[in-house]
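Q: Input structure: structure24.tsv, which contains TSV, C-alpha atoms and all ligand atoms.
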```tsv
chain	number	residue	atom	x	y	z
A	1	MET	CA	0.00	0.00	0.00
A	2	THR	CA	1.42	3.42	-0.94
A	3	PHE	CA	-0.15	6.86	-0.85
A	4	GLU	CA	0.83	10.52	-0.95
A	5	HIS	CA	1.23	12.19	2.48
A	6	PRO	CA	1.36	16.04	2.59
A	7	SER	CA	4.68	16.12	4.50
A	8	PHE	CA	6.29	12.79	3.63
A	9	GLY	CA	5.22	12.35	0.00
A	10	ARG	CA	4.79	8.80	-1.24
A	11	VAL	CA	5.01	6.55	1.80
A	12	SER	CA	5.63	2.85	1.66
A	13	ASN	CA	4.40	0.27	4.11
A	14	ASP	CA	7.79	-0.57	5.58
A	15	ARG	CA	8.66	2.96	6.75
A	16	VAL	CA	7.98	3.78	10.42
A	17	PHE	CA	7.81	7.52	11.16
A	18	ILE	CA	9.25	8.65	14.47
A	19	PHE	CA	7.19	11.37	16.16
A	20	ASP	CA	9.12	12.75	19.11
A	21	THR	CA	7.08	14.38	21.87
A	22	THR	CA	9.86	14.97	24.42
A	23	LEU	CA	9.22	18.71	24.23
A	24	ARG	CA	5.44	18.38	24.70
A	25	ASP	CA	4.27	15.22	26.51
A	26	GLY	CA	7.73	14.71	28.02
A	27	GLU	CA	7.99	18.26	29.25
A	28	GLN	CA	4.55	17.92	30.90
A	29	SER	CA	5.94	15.67	33.65
A	30	PRO	CA	6.83	17.14	37.05
A	31	GLY	CA	10.33	18.57	37.18
A	32	PHE	CA	11.01	18.25	33.43
A	33	SER	CA	10.15	21.73	32.19
A	34	MET	CA	12.71	23.38	29.91
A	35	ASN	CA	13.38	26.99	28.98
A	36	LEU	CA	13.42	28.28	25.42
A	37	GLU	CA	17.16	27.94	24.93
A	38	GLU	CA	17.09	24.35	26.22
A	39	LYS	CA	14.14	23.44	24.00
A	40	LEU	CA	15.90	24.87	20.95
A	41	ARG	CA	19.03	22.86	21.73
A	42	MET	CA	16.97	19.69	22.09
A	43	ALA	CA	14.97	20.40	18.91
A	44	GLU	CA	18.11	20.87	16.83
A	45	ALA	CA	19.61	17.68	18.23
A	46	LEU	CA	16.36	15.77	17.58
A	47	ALA	CA	16.31	16.94	13.95
A	48	ASP	CA	19.95	15.86	13.64
A	49	LEU	CA	19.06	12.47	15.14
A	50	GLY	CA	16.64	12.01	12.24
A	51	VAL	CA	13.20	12.14	13.89
A	52	ASP	CA	10.42	12.76	11.37
A	53	VAL	CA	8.21	14.94	13.57
A	54	ILE	CA	9.04	17.14	16.56
A	55	GLU	CA	6.01	17.93	18.70
A	56	ALA	CA	7.22	21.26	20.03
A	57	GLY	CA	4.48	22.24	22.47
A	58	PHE	CA	0.90	23.36	23.10
A	59	PRO	CA	0.79	26.99	21.89
A	60	VAL	CA	-2.51	28.01	23.49
A	61	ALA	CA	-1.33	26.84	26.93
A	62	SER	CA	0.93	29.84	27.59
A	63	LYS	CA	2.80	32.68	25.91
A	64	GLY	CA	6.05	30.81	26.60
A	65	ASP	CA	4.77	27.66	24.91
A	66	PHE	CA	3.62	29.65	21.89
A	67	GLU	CA	7.02	31.33	21.57
A	68	SER	CA	8.97	28.13	21.86
A	69	VAL	CA	6.88	26.35	19.21
A	70	ALA	CA	7.24	29.37	16.90
A	71	GLU	CA	11.00	29.57	17.45
A	72	ILE	CA	11.50	25.83	16.96
A	73	ALA	CA	9.43	26.08	13.76
A	74	ARG	CA	11.86	28.76	12.54
A	75	VAL	CA	15.10	26.96	13.34
A	76	ALA	CA	14.56	23.19	13.32
A	77	LYS	CA	15.26	22.02	9.79
A	78	GLY	CA	14.56	18.60	8.32
A	79	ALA	CA	11.73	17.53	10.64
A	80	VAL	CA	8.03	18.41	10.57
A	81	VAL	CA	7.30	20.76	13.49
A	82	CYS	CA	4.02	19.99	15.20
A	83	ALA	CA	1.81	22.02	17.55
A	84	LEU	CA	-0.85	20.53	19.82
A	85	ALA	CA	-4.42	21.89	20.02
A	86	ARG	CA	-7.74	20.77	21.52
A	87	SER	CA	-10.20	19.96	18.71
A	88	GLY	CA	-12.85	22.08	20.44
A	89	GLY	CA	-10.66	24.64	22.21
A	90	LYS	CA	-11.69	28.26	21.66
A	91	ASN	CA	-8.40	29.58	20.28
A	92	ASP	CA	-6.33	26.41	20.16
A	93	ILE	CA	-6.27	25.70	16.45
A	94	GLN	CA	-5.68	29.32	15.51
A	95	ALA	CA	-2.76	29.56	17.97
A	96	ALA	CA	-1.27	26.28	16.72
A	97	GLY	CA	-1.54	27.47	13.10
A	98	GLU	CA	0.20	30.75	13.89
A	99	ALA	CA	2.95	29.05	15.86
A	100	ILE	CA	3.91	26.70	12.99
A	101	ALA	CA	3.44	29.31	10.26
A	102	HIS	CA	7.19	29.63	9.60
A	103	ALA	CA	8.05	25.93	9.69
A	104	GLU	CA	9.56	24.26	6.62
A	105	ARG	CA	6.80	21.69	7.15
A	106	GLY	CA	4.24	22.25	9.92
A	107	ARG	CA	1.57	20.05	11.48
A	108	ILE	CA	-1.45	20.79	13.67
A	109	HIS	CA	-2.25	17.94	16.07
A	110	ASN	CA	-5.77	18.22	17.44
A	111	PHE	CA	-7.34	15.91	19.99
A	112	ILE	CA	-10.49	15.22	21.99
A	113	SER	CA	-11.46	12.42	24.37
A	114	THR	CA	-13.63	9.62	22.98
A	115	SER	CA	-13.97	7.11	25.85
A	116	PRO	CA	-17.29	6.86	27.75
A	117	LEU	CA	-15.52	7.79	30.99
A	118	HIS	CA	-13.86	10.94	29.60
A	119	MET	CA	-16.91	12.06	27.62
A	120	LYS	CA	-19.18	11.73	30.67
A	121	TYR	CA	-16.98	13.07	33.47
A	122	LYS	CA	-14.30	15.21	31.84
A	123	LEU	CA	-16.00	16.72	28.80
A	124	ARG	CA	-19.61	16.36	30.02
A	125	MET	CA	-20.58	15.91	26.39
A	126	GLU	CA	-22.75	13.54	24.41
A	127	PRO	CA	-20.99	11.35	21.81
A	128	GLU	CA	-22.78	13.15	18.95
A	129	THR	CA	-21.35	16.50	20.15
A	130	VAL	CA	-17.87	14.99	20.24
A	131	LEU	CA	-18.34	13.83	16.63
A	132	GLU	CA	-19.33	17.37	15.59
A	133	ILE	CA	-16.25	18.81	17.30
A	134	ILE	CA	-14.00	16.30	15.55
A	135	THR	CA	-15.37	17.41	12.18
A	136	ALA	CA	-15.13	21.12	12.96
A	137	GLY	CA	-11.66	20.88	14.53
A	138	ASN	CA	-10.09	18.97	11.66
A	139	LYS	CA	-11.69	21.23	9.03
A	140	ALA	CA	-10.37	24.31	10.84
A	141	ALA	CA	-6.88	22.78	11.07
A	142	ARG	CA	-6.94	21.79	7.39
A	143	ASN	CA	-7.65	25.41	6.48
A	144	LEU	CA	-4.32	26.33	8.08
A	145	THR	CA	-2.05	23.45	7.00
A	146	ALA	CA	-2.19	20.37	4.81
A	147	ASP	CA	-0.61	18.16	7.49
A	148	VAL	CA	-3.22	17.48	10.20
A	149	GLU	CA	-3.15	14.87	12.93
A	150	TRP	CA	-6.13	13.91	15.03
A	151	SER	CA	-5.98	11.97	18.32
A	152	ALA	CA	-8.71	10.08	20.14
A	153	GLU	CA	-7.67	10.81	23.72
A	154	ASP	CA	-8.18	7.68	25.88
A	155	GLY	CA	-8.64	5.88	22.55
A	156	SER	CA	-7.68	2.48	23.93
A	157	ARG	CA	-10.68	2.60	26.33
A	158	THR	CA	-13.10	3.82	23.65
A	159	GLU	CA	-16.02	1.67	22.54
A	160	PRO	CA	-14.93	0.16	19.14
A	161	ASP	CA	-17.96	1.15	17.01
A	162	PHE	CA	-17.78	4.73	18.28
A	163	LEU	CA	-14.02	4.85	17.70
A	164	CYS	CA	-14.61	3.83	14.06
A	165	ARG	CA	-17.17	6.63	13.66
A	166	CYS	CA	-14.78	9.20	15.18
A	167	VAL	CA	-11.88	8.14	12.97
A	168	GLU	CA	-14.10	8.22	9.88
A	169	ALA	CA	-15.28	11.74	10.77
A	170	ALA	CA	-11.67	12.93	11.28
A	171	ILE	CA	-10.54	11.50	7.92
A	172	LYS	CA	-13.53	13.00	6.08
A	173	ALA	CA	-12.76	16.39	7.64
A	174	GLY	CA	-9.15	16.28	6.40
A	175	ALA	CA	-6.94	14.56	9.00
A	176	THR	CA	-3.92	12.88	7.39
A	177	THR	CA	-2.61	11.09	10.51
A	178	ILE	CA	-4.84	9.28	13.01
A	179	ASN	CA	-3.40	8.69	16.47
A	180	ILE	CA	-4.93	6.25	18.96
A	181	PRO	CA	-3.31	6.94	22.34
A	182	ASP	CA	-3.27	4.59	25.27
A	183	THR	CA	-3.52	7.72	27.40
A	184	VAL	CA	-3.50	6.01	30.79
A	185	GLY	CA	-1.20	3.08	29.96
A	186	TYR	CA	-3.98	0.54	30.53
A	187	ALA	CA	-3.82	-1.44	27.28
A	188	THR	CA	-1.98	-4.69	26.63
A	189	PRO	CA	-0.13	-5.52	23.39
A	190	GLU	CA	-3.10	-7.70	22.37
A	191	ASP	CA	-5.48	-4.72	22.74
A	192	MET	CA	-3.34	-2.38	20.68
A	193	GLU	CA	-2.80	-4.79	17.80
A	194	LYS	CA	-6.54	-5.47	17.67
A	195	ILE	CA	-7.55	-1.79	17.70
A	196	PHE	CA	-5.34	-0.84	14.75
A	197	SER	CA	-6.27	-3.95	12.73
A	198	MET	CA	-9.94	-3.19	13.31
A	199	LEU	CA	-9.66	0.47	12.26
A	200	LYS	CA	-7.71	-0.38	9.13
A	201	GLU	CA	-10.27	-2.98	8.18
A	202	ARG	CA	-13.47	-1.12	9.02
A	203	VAL	CA	-12.99	2.62	8.47
A	204	PRO	CA	-13.55	4.03	4.96
A	205	GLY	CA	-10.48	6.03	3.85
A	206	ALA	CA	-8.18	4.22	6.32
A	207	ASP	CA	-5.76	3.40	3.47
A	208	GLN	CA	-5.22	7.15	2.82
A	209	VAL	CA	-3.89	8.10	6.28
A	210	ILE	CA	-1.00	7.10	8.54
A	211	PHE	CA	-2.08	5.44	11.80
A	212	SER	CA	-0.10	6.40	14.87
A	213	ALA	CA	0.58	4.80	18.26
A	214	HIS	CA	1.04	6.80	21.48
A	215	ASN	CA	1.55	4.56	24.49
A	216	HIS	CA	2.02	5.55	28.11
A	217	ASN	CA	3.97	3.38	30.46
A	218	ASP	CA	1.80	2.98	33.58
A	219	LEU	CA	2.08	-0.82	33.41
A	220	GLY	CA	5.59	-0.74	31.94
A	221	LEU	CA	4.13	-1.82	28.57
A	222	GLY	CA	4.70	1.35	26.52
A	223	VAL	CA	7.31	-0.11	24.17
A	224	ALA	CA	5.64	-3.54	23.91
A	225	ASN	CA	2.33	-1.83	23.07
A	226	THR	CA	4.05	0.30	20.44
A	227	LEU	CA	5.55	-2.75	18.74
A	228	ALA	CA	2.15	-4.48	18.85
A	229	SER	CA	0.60	-1.35	17.27
A	230	LEU	CA	3.04	-1.74	14.37
A	231	ARG	CA	1.85	-5.34	13.94
A	232	GLY	CA	-1.70	-3.98	13.78
A	233	GLY	CA	-0.76	-1.51	11.01
A	234	ALA	CA	0.37	1.71	12.74
A	235	ARG	CA	3.30	3.37	10.94
A	236	GLN	CA	3.95	6.39	13.14
A	237	VAL	CA	5.13	5.98	16.73
A	238	GLU	CA	4.96	8.73	19.31
A	239	CYS	CA	7.71	8.54	21.91
A	240	THR	CA	10.17	10.49	24.03
A	241	ILE	CA	13.89	10.43	24.74
A	242	ASN	CA	14.57	8.38	27.92
A	243	GLY	CA	10.81	7.61	28.03
A	244	ILE	CA	10.01	10.80	29.96
A	245	GLY	CA	6.35	11.86	30.14
A	246	GLU	CA	3.21	12.10	32.25
A	247	ARG	CA	3.21	9.80	35.34
A	248	ALA	CA	5.27	6.69	34.43
A	249	GLY	CA	6.21	8.25	31.11
A	250	ASN	CA	5.82	7.56	27.39
A	251	ALA	CA	7.31	4.78	25.30
A	252	ALA	CA	11.07	5.40	25.00
A	253	LEU	CA	12.29	6.39	21.54
A	254	GLU	CA	15.67	4.67	21.87
A	255	GLU	CA	14.06	1.37	22.91
A	256	ILE	CA	11.52	1.33	20.06
A	257	VAL	CA	14.13	2.19	17.43
A	258	MET	CA	16.61	-0.42	18.65
A	259	ALA	CA	13.90	-3.10	19.00
A	260	ILE	CA	12.95	-2.54	15.35
A	261	ARG	CA	16.57	-2.61	14.29
A	262	THR	CA	17.65	-5.57	16.41
A	263	ARG	CA	14.55	-7.69	15.69
A	264	HIS	CA	14.21	-6.84	12.02
A	265	ASP	CA	13.17	-10.47	11.51
A	266	GLN	CA	9.87	-9.68	13.29
A	267	TYR	CA	9.63	-5.94	12.59
A	268	PRO	CA	10.81	-5.55	8.98
A	269	TYR	CA	10.69	-1.74	8.98
A	270	THR	CA	13.07	1.16	8.61
A	271	THR	CA	13.24	4.46	10.50
A	272	GLY	CA	15.23	7.60	9.69
A	273	ILE	CA	17.10	7.52	13.01
A	274	GLU	CA	20.91	7.74	13.13
A	275	THR	CA	21.21	5.31	16.04
A	276	THR	CA	24.81	6.23	16.92
A	277	LYS	CA	23.44	9.55	18.21
A	278	LEU	CA	20.98	7.99	20.70
A	279	LEU	CA	23.30	8.16	23.72
A	280	LYS	CA	24.13	11.79	22.98
A	281	LEU	CA	20.44	12.75	23.01
A	282	SER	CA	19.82	10.84	26.22
A	283	ARG	CA	22.75	12.57	27.95
A	284	MET	CA	21.76	15.99	26.63
A	285	LEU	CA	18.24	15.59	28.06
A	286	SER	CA	19.58	14.34	31.42
A	287	THR	CA	21.93	17.31	31.65
A	288	ILE	CA	19.21	19.81	30.77
A	289	THR	CA	16.62	18.37	33.17
A	290	SER	CA	19.08	17.25	35.89
A	291	PHE	CA	17.43	13.80	35.93
A	292	ASP	CA	19.74	10.85	35.25
A	293	VAL	CA	18.33	7.65	33.79
A	294	GLN	CA	18.54	4.60	36.05
A	295	PRO	CA	21.75	2.52	35.61
A	296	ASN	CA	19.84	-0.45	34.17
A	297	LYS	CA	17.88	1.63	31.61
A	298	ALA	CA	17.89	-0.20	28.25
A	299	ILE	CA	20.24	1.23	25.57
A	300	VAL	CA	21.39	4.36	27.44
A	301	GLY	CA	21.78	3.36	31.11
A	302	ARG	CA	25.29	3.22	32.60
A	303	ASN	CA	25.05	-0.58	32.92
A	304	ALA	CA	23.42	-1.28	29.53
A	305	PHE	CA	26.73	-2.61	28.15
A	306	ALA	CA	28.55	-3.35	31.42
A	307	HIS	CA	29.42	-6.87	32.54
A	308	GLU	CA	30.52	-7.88	36.01
A	309	SER	CA	30.02	-11.61	36.33
A	310	GLY	CA	33.06	-13.73	35.50
A	311	ILE	CA	31.16	-16.03	33.16
A	312	HIS	CA	29.74	-13.12	31.17
A	313	GLN	CA	33.07	-11.27	31.05
A	314	ASP	CA	34.82	-14.37	29.78
A	315	GLY	CA	32.14	-14.77	27.08
A	316	VAL	CA	32.34	-11.11	26.02
A	317	LEU	CA	36.13	-11.27	25.79
A	318	LYS	CA	35.86	-14.29	23.48
A	319	ASN	CA	32.97	-12.93	21.41
A	320	ALA	CA	30.87	-9.94	22.50
A	321	ALA	CA	27.76	-11.37	20.80
A	322	THR	CA	27.58	-14.01	23.56
A	323	TYR	CA	26.05	-11.45	25.93
A	324	GLU	CA	25.36	-8.38	23.78
A	325	ILE	CA	22.44	-8.25	21.33
A	326	MET	CA	23.62	-5.01	19.71
A	327	THR	CA	27.01	-3.36	19.66
A	328	PRO	CA	27.58	-0.51	22.12
A	329	GLU	CA	29.00	1.54	19.23
A	330	SER	CA	25.70	1.24	17.31
A	331	VAL	CA	23.95	3.42	19.93
A	332	GLY	CA	26.83	5.77	20.70
A	333	TRP	CA	28.90	4.08	23.42
A	334	SER	CA	32.62	3.78	22.69
A	335	LYS	CA	32.77	0.15	23.91
A	336	SER	CA	31.34	-2.32	26.40
A	337	SER	CA	32.80	-2.16	29.87
A	338	LEU	CA	33.96	-5.00	32.00
A	339	VAL	CA	33.33	-3.82	35.54
A	340	LEU	CA	35.53	-5.52	38.08
A	341	GLY	CA	33.77	-6.71	41.22
A	342	LYS	CA	33.44	-9.83	43.35
A	343	HIS	CA	31.73	-11.75	40.53
A	344	SER	CA	34.54	-11.12	38.04
A	345	GLY	CA	36.86	-13.86	36.85
A	346	ARG	CA	40.53	-14.26	36.06
A	347	ALA	CA	40.04	-13.61	32.30
A	348	ALA	CA	38.59	-10.13	32.86
A	349	PHE	CA	41.23	-9.39	35.51
A	350	ARG	CA	44.05	-10.35	33.13
A	351	ASP	CA	42.43	-8.28	30.36
A	352	LYS	CA	42.17	-5.25	32.66
A	353	LEU	CA	45.84	-5.62	33.69
A	354	ALA	CA	46.88	-5.71	30.05
A	355	ALA	CA	44.83	-2.57	29.33
A	356	LEU	CA	46.59	-0.87	32.26
A	357	GLY	CA	49.99	-1.91	30.90
A	358	TYR	CA	50.85	-4.85	33.22
A	359	THR	CA	51.87	-8.33	32.17
A	360	LEU	CA	52.34	-10.70	35.12
A	361	ASP	CA	53.60	-14.26	35.02
A	362	ASP	CA	51.11	-16.95	36.10
A	363	ASP	CA	52.21	-17.07	39.77
A	364	LYS	CA	52.08	-13.32	40.19
A	365	LEU	CA	48.78	-13.15	38.35
A	366	ASN	CA	47.31	-15.77	40.73
A	367	GLU	CA	48.48	-13.87	43.80
A	368	ALA	CA	47.25	-10.54	42.46
A	369	PHE	CA	43.92	-12.10	41.55
A	370	GLN	CA	43.51	-13.44	45.09
A	371	ARG	CA	44.19	-10.00	46.54
A	372	PHE	CA	41.79	-8.48	44.06
A	373	LYS	CA	39.06	-10.94	45.18
A	374	ASP	CA	39.67	-10.04	48.84
A	375	LEU	CA	39.37	-6.35	47.95
A	376	ALA	CA	36.22	-6.95	45.85
A	377	ASP	CA	34.56	-8.60	48.86
A	378	ARG	CA	35.00	-5.33	50.73
A	379	LYS	CA	34.24	-2.87	47.89
A	380	LYS	CA	31.20	-2.85	45.55
A	381	VAL	CA	33.21	-1.84	42.50
A	382	VAL	CA	36.97	-2.07	42.08
A	383	TYR	CA	38.27	0.90	40.08
A	384	ASP	CA	41.34	1.10	37.84
A	385	ASP	CA	43.23	3.03	40.54
A	386	ASP	CA	42.58	0.20	43.04
A	387	ILE	CA	44.00	-2.32	40.59
A	388	VAL	CA	47.07	-0.21	39.88
A	389	ALA	CA	47.71	0.11	43.64
A	390	LEU	CA	47.20	-3.60	44.14
A	391	VAL	CA	49.48	-4.68	41.28
A	392	ASP	CA	52.15	-2.14	42.14
A	393	ASP	CA	52.17	-3.71	45.62
A	394	GLU	CA	52.40	-7.13	44.03
A	395	VAL	CA	55.35	-6.11	41.88
A	396	ARG	CA	57.08	-4.36	44.83
A	397	ASP	CA	56.43	-7.10	47.40
A	398	HIS	CA	57.93	-9.90	45.33
B	401	LIG	O1	-1.73	10.68	26.05
B	401	LIG	C1	-2.47	11.32	25.30
B	401	LIG	O2	-3.63	10.97	25.06
B	401	LIG	C2	-1.93	12.54	24.70
B	401	LIG	C3	-2.76	13.17	23.62
B	401	LIG	C4	-2.86	14.63	23.80
B	401	LIG	C5	-2.21	12.79	22.28
B	401	LIG	O3	-0.84	12.94	25.01
B	402	ZN	ZN	0.33	11.36	26.03
```
Render the structure in this file as structure tokens.
Ligand code: KIV
Ligand code: ZN
A:
Amino acid sequence: MTFEHPSFGRVSNDRVFIFDTTLRDGEQSPGFSMNLEEKLRMAEALADLGVDVIEAGFPVASKGDFESVAEIARVAKGAVVCALARSGGKNDIQAAGEAIAHAERGRIHNFISTSPLHMKYKLRMEPETVLEIITAGNKAARNLTADVEWSAEDGSRTEPDFLCRCVEAAIKAGATTINIPDTVGYATPEDMEKIFSMLKERVPGADQVIFSAHNHNDLGLGVANTLASLRGGARQVECTINGIGERAGNAALEEIVMAIRTRHDQYPYTTGIETTKLLKLSRMLSTITSFDVQPNKAIVGRNAFAHESGIHQDGVLKNAATYEIMTPESVGWSKSSLVLGKHSGRAAFRDKLAALGYTLDDDKLNEAFQRFKDLADRKKVVYDDDIVALVDDEVRDH
């Protein structure tokens, strides 16, 4: 299936578009707000990373948000710059249109809730009114730009027949991307695959739009749900660097991209991401927000390519593929690290000595290794300086 998209031109079925919302959904989480200069730095780095869409903010929310979307639209080259708007907000769509006016390629992303719970308690609206707002909102956005995205907020908890009607109304009114968020991170992979397959099968015009996945991580399923959405037919994924976002966060960009790349046998798609820049983006965001990722964070955590156990270290020294499913270099690390601790073995110890410039005969190596093990029982991690001190002692003592 191929069709002509206003920003991407002819799109083929194996291309997955990366929609980064670090500066919008990510920035909405407590403690993660960024100033204009920081947002511009991130936006330029995201464009350089190769993301297809940068969601830059929610212009009607504040003067500051408007200015940062407008400034990003002016300077970020190569990616579509997107502004968020409520489908039925009084000035939302106008403000979004003005903010992206100077973008090389600009998108208005409008949304409204469609689940029974949200319609009844949050919107206090009847379903028919929501349908009218979807039509009006997408028509208004289409008058301002050719690239329009519509989202069914709380889409994963929306009644299926009503969701089909909403999506049909959005497409008829001019939306070119249809996003079905799992707003509260409630869905399972089975749910998400089923929702997209159903929409693609049942909604007239579904073959003329790109379907998009937007999964929150409340059950830790954000990335799994995103991959399942691809199986169901979604071809845009909404995600954030380091998985930052409301509550438990959004699906992490670096994990989705590397899952597609590493398991190409099951996910035969391409993205435009230059994966060797992933670590740089993660570090830049941590520095700007002053929040480090946890050491065991996939792809970008300090321990993602670190090995301490003797058996693993021995395997990695013989062939890194024994315990590494991707190379550290492919995501921006310079190499894997063998961390010396009480679980480490003689092979890693000898390797470390060689790297530090020491070659010991077998007897000396055995003695040094024993002293190293005694030290490792007392210290969590043995650093290079500890080893140098220990081996210098060994050389001096004997
Ligand atoms: O999680 C969500 O539903 C959203 C929408 C505004 C797309 O962030
Ligand atoms: Zn969200």
Q: Find the distance between CA of Ser29 (chain A) and CA of Glu246 (chain A) and write it in Å to one decimal.
A: 4.7 Å
Q: Env of Val223 (chain A): 7 Å cut, atoms = all atoms listed in the file, seq-sep filter 3 positions within chain, self excluded. Answer as an MDAnalysis selection string.
A: chainID A and resid 226:227 251:252 256
Q: Out of A:Phe196, A:Phe291, A:Tyr358, A:Phe111, which residue has the shortest atom-to-atom distance to ligand ZN 402 (chain B) when counting only C-alpha atoms and all ligand atoms?
A: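 With only C-alpha atoms and all ligand atoms as the atom set, the closest residue is A:Phe111.
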Q: Could you list as an mmCIF file with C-alpha atoms, keeping the file's coordinate frame every residue that has an atom within 12 Å of (7.2, 31.3, 8.1), using the file's coordinates and counting only C-alpha atoms?
A:
```
data_model
loop_
_atom_site.group_PDB
_atom_site.id
_atom_site.type_symbol
_atom_site.label_atom_id
_atom_site.label_comp_id
_atom_site.auth_asym_id
_atom_site.auth_seq_id
_atom_site.Cartn_x
_atom_site.Cartn_y
_atom_site.Cartn_z
ATOM 1 C CA ALA A 70 7.240 29.370 16.900
ATOM 2 C CA GLU A 71 11.000 29.570 17.450
ATOM 3 C CA ILE A 72 11.500 25.830 16.960
ATOM 4 C CA ALA A 73 9.430 26.080 13.760
ATOM 5 C CA ARG A 74 11.860 28.760 12.540
ATOM 6 C CA VAL A 75 15.100 26.960 13.340
ATOM 7 C CA VAL A 81 7.300 20.760 13.490
ATOM 8 C CA GLY A 97 -1.540 27.470 13.100
ATOM 9 C CA GLU A 98 0.200 30.750 13.890
ATOM 10 C CA ALA A 99 2.950 29.050 15.860
ATOM 11 C CA ILE A 100 3.910 26.700 12.990
ATOM 12 C CA ALA A 101 3.440 29.310 10.260
ATOM 13 C CA HIS A 102 7.190 29.630 9.600
ATOM 14 C CA ALA A 103 8.050 25.930 9.690
ATOM 15 C CA GLU A 104 9.560 24.260 6.620
ATOM 16 C CA ARG A 105 6.800 21.690 7.150
ATOM 17 C CA GLY A 106 4.240 22.250 9.920
#
```
Q: Kindly indicate which residue among A:Asn13, A:Thr240, A:Ser68, A:Thr177 lies nearest to ligand ZN 402 (chain B), using all atoms listed in the file for the distances.
A: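 Closest residue, counting all atoms listed in the file: A:Thr240.
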Q: Since the input lacks some atoms of region 327-343 of chain A, please model N, CA and C atoms and print them as a PDB file, keeping the file's coordinate frame.
A:
```pdb
ATOM      1  N   THR A 327      25.703  -3.837  19.231  1.00  0.00           N
ATOM      2  CA  THR A 327      27.010  -3.360  19.660  1.00  0.00           C
ATOM      3  C   THR A 327      26.842  -2.036  20.405  1.00  0.00           C
ATOM      4  N   PRO A 328      27.684  -1.800  21.420  1.00  0.00           N
ATOM      5  CA  PRO A 328      27.580  -0.510  22.120  1.00  0.00           C
ATOM      6  C   PRO A 328      27.808   0.659  21.170  1.00  0.00           C
ATOM      7  N   GLU A 329      28.696   0.450  20.181  1.00  0.00           N
ATOM      8  CA  GLU A 329      29.000   1.540  19.230  1.00  0.00           C
ATOM      9  C   GLU A 329      27.757   1.929  18.429  1.00  0.00           C
ATOM     10  N   SER A 330      26.855   0.956  18.174  1.00  0.00           N
ATOM     11  CA  SER A 330      25.700   1.240  17.310  1.00  0.00           C
ATOM     12  C   SER A 330      24.732   2.227  17.962  1.00  0.00           C
ATOM     13  N   VAL A 331      24.842   2.440  19.282  1.00  0.00           N
ATOM     14  CA  VAL A 331      23.950   3.420  19.930  1.00  0.00           C
ATOM     15  C   VAL A 331      24.736   4.567  20.566  1.00  0.00           C
ATOM     16  N   GLY A 332      26.048   4.604  20.283  1.00  0.00           N
ATOM     17  CA  GLY A 332      26.830   5.770  20.700  1.00  0.00           C
ATOM     18  C   GLY A 332      27.828   5.546  21.814  1.00  0.00           C
ATOM     19  N   TRP A 333      27.879   4.334  22.407  1.00  0.00           N
ATOM     20  CA  TRP A 333      28.900   4.080  23.420  1.00  0.00           C
ATOM     21  C   TRP A 333      30.218   3.803  22.708  1.00  0.00           C
ATOM     22  N   SER A 334      31.363   4.066  23.387  1.00  0.00           N
ATOM     23  CA  SER A 334      32.620   3.780  22.690  1.00  0.00           C
ATOM     24  C   SER A 334      32.923   2.287  22.754  1.00  0.00           C
ATOM     25  N   LYS A 335      32.572   1.606  23.838  1.00  0.00           N
ATOM     26  CA  LYS A 335      32.770   0.150  23.910  1.00  0.00           C
ATOM     27  C   LYS A 335      32.016  -0.409  25.119  1.00  0.00           C
ATOM     28  N   SER A 336      31.936  -1.737  25.199  1.00  0.00           N
ATOM     29  CA  SER A 336      31.340  -2.320  26.400  1.00  0.00           C
ATOM     30  C   SER A 336      32.332  -2.177  27.540  1.00  0.00           C
ATOM     31  N   SER A 337      31.839  -2.260  28.788  1.00  0.00           N
ATOM     32  CA  SER A 337      32.800  -2.160  29.870  1.00  0.00           C
ATOM     33  C   SER A 337      32.723  -3.407  30.733  1.00  0.00           C
ATOM     34  N   LEU A 338      33.893  -3.875  31.085  1.00  0.00           N
ATOM     35  CA  LEU A 338      33.960  -5.000  32.000  1.00  0.00           C
ATOM     36  C   LEU A 338      34.224  -4.391  33.371  1.00  0.00           C
ATOM     37  N   VAL A 339      33.207  -4.440  34.215  1.00  0.00           N
ATOM     38  CA  VAL A 339      33.330  -3.820  35.540  1.00  0.00           C
ATOM     39  C   VAL A 339      33.875  -4.870  36.485  1.00  0.00           C
ATOM     40  N   LEU A 340      34.944  -4.531  37.183  1.00  0.00           N
ATOM     41  CA  LEU A 340      35.530  -5.520  38.080  1.00  0.00           C
ATOM     42  C   LEU A 340      34.871  -5.460  39.445  1.00  0.00           C
ATOM     43  N   GLY A 341      34.400  -6.606  39.900  1.00  0.00           N
ATOM     44  CA  GLY A 341      33.770  -6.710  41.220  1.00  0.00           C
ATOM     45  C   GLY A 341      33.927  -8.150  41.686  1.00  0.00           C
ATOM     46  N   LYS A 342      33.198  -8.507  42.755  1.00  0.00           N
ATOM     47  CA  LYS A 342      33.440  -9.830  43.350  1.00  0.00           C
ATOM     48  C   LYS A 342      33.000 -10.985  42.453  1.00  0.00           C
ATOM     49  N   HIS A 343      32.165 -10.673  41.428  1.00  0.00           N
ATOM     50  CA  HIS A 343      31.730 -11.750  40.530  1.00  0.00           C
ATOM     51  C   HIS A 343      32.675 -11.929  39.345  1.00  0.00           C
TER      52      HIS A 343
END
```
